[in-house]
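See structure below.
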Amino acid sequence: MPEFLQLLPPDQALDQMLAHLSYRTDPEQIDAAAAFGRITMEPITAPAPLPGFVRSTVDGFAVRAADTYGASESLPAYLRLAREVLMGAPADFSIQMGECALIHTGGMLPLEADAVVMVEHTQVAGKNQVEILRAVAVGENILNRGEDVGEESR
């Protein structure tokens, strides 16, 4: 049976490909609008991480994930509503075991909180008490500091 495919060794294939490419090695400064399809001469780094803090990706309740384990609609977990995280304000408080904090999309997670339960999976159960109808895992519905852009991102 004849061979239909003839392969080159990797370095020969790379040399052959590079011989067909034209590229400029001298640096030049251009407007960002003209940079489409071009490459940078050196790495571009971010001056600060983005986001700069751990934040919620949903409206809901900031919790310690362990407080929700096993929670379901037929057997909910009950947490005490400690506070509300105000938009644009630092969450300079921590939640204790058995507590939660009302949080909005983009809000800063309070200390000790490691997940957010979506508001759709909760009910108000009484004064300062929230019924959690679904368990969450550590890291669920949150964005960690520098997750979009790290300080050393390129």
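Residue numbering restarts at 1 in every chain; chains get A, B, ... in the order shown in the structure tokens, and ligands count up from 1 in that same order.
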Worksheet item: Within 7 Å of A:Glu147, counting only C-alpha atoms, which residues qualify if same-chain residues fewer than 3 places away don't, as a list in words?
Response: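 Counting only the stated atoms, we get Leu50, Pro51, Leu143, Asn144 and Gly150 of chain A.
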Discussion item. Residues within 9 Å of A:Gly70, please, as number ranges by chain. Count only C-alpha atoms; anything in the same chain fewer than 5 positions from it doesn't count.
Written reply: A: 75-77, 134-135
Worksheet item: How many Å separate atom CA of A:Ile142 from atom CA of A:Gly107?
Response: 9.7 Å
Worksheet item: So which one's closest to A:Ala115, A:Gln129, A:Asn141, A:Ser74, A:Gln6? Using only C-alpha atoms, please.
Response: A:Asn141
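The two atoms in question, atom CA of A:Tyr69 and atom CA of A:Val136, are spaced 7.0 Å apart.
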Practice prompt. Could you give me, as a list in words, the residues within 12 Å of stretch 12-26 of chain A, counting only C-alpha atoms and dropping anything in the same chain fewer than 6 positions from it?
Written response: Gln6, Gly37, Arg38, Ile39, Thr40, Met41 and Glu42 of chain A
Item to complete: Using DSSP on the backbone, list every residue of chain A that comes out as alpha helix (DSSP H), and give them as a PyMOL selection string.
Response: chain A and resi 10-19
Worksheet item: Which residues, written as a list of chain:residue names, have at least one atom at most 10 Å from A:Ile95, with only C-alpha atoms counted and residues fewer than 6 positions away on the same chain left out?
Response: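 Everything that qualifies: A:Ala62, A:Val63, A:Arg64, A:Arg80, A:Leu81, A:Ala82, A:Arg83, A:Ala101, A:Leu109, A:Pro110, A:Leu111, A:Glu112, A:Ala113.
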Practice prompt. Any chance you could list, as a count of residues only, the residues in stretch 11-153 of chain A that come up strand (DSSP E or B) when DSSP is run on the backbone?
Written response: 39
Worksheet item: Expressed in Å to a single decimal, how great is the separation between atom CA of A:Asp67 and atom CA of A:Ala89?
Response: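 Computed distance, atom CA of A:Asp67 to atom CA of A:Ala89, equals 25.2 Å.
Considering only C-alpha atoms, the residue among A:Phe36, A:Tyr78, A:Phe61, A:Phe93 positioned nearest to A:Lys127 is A:Tyr78.
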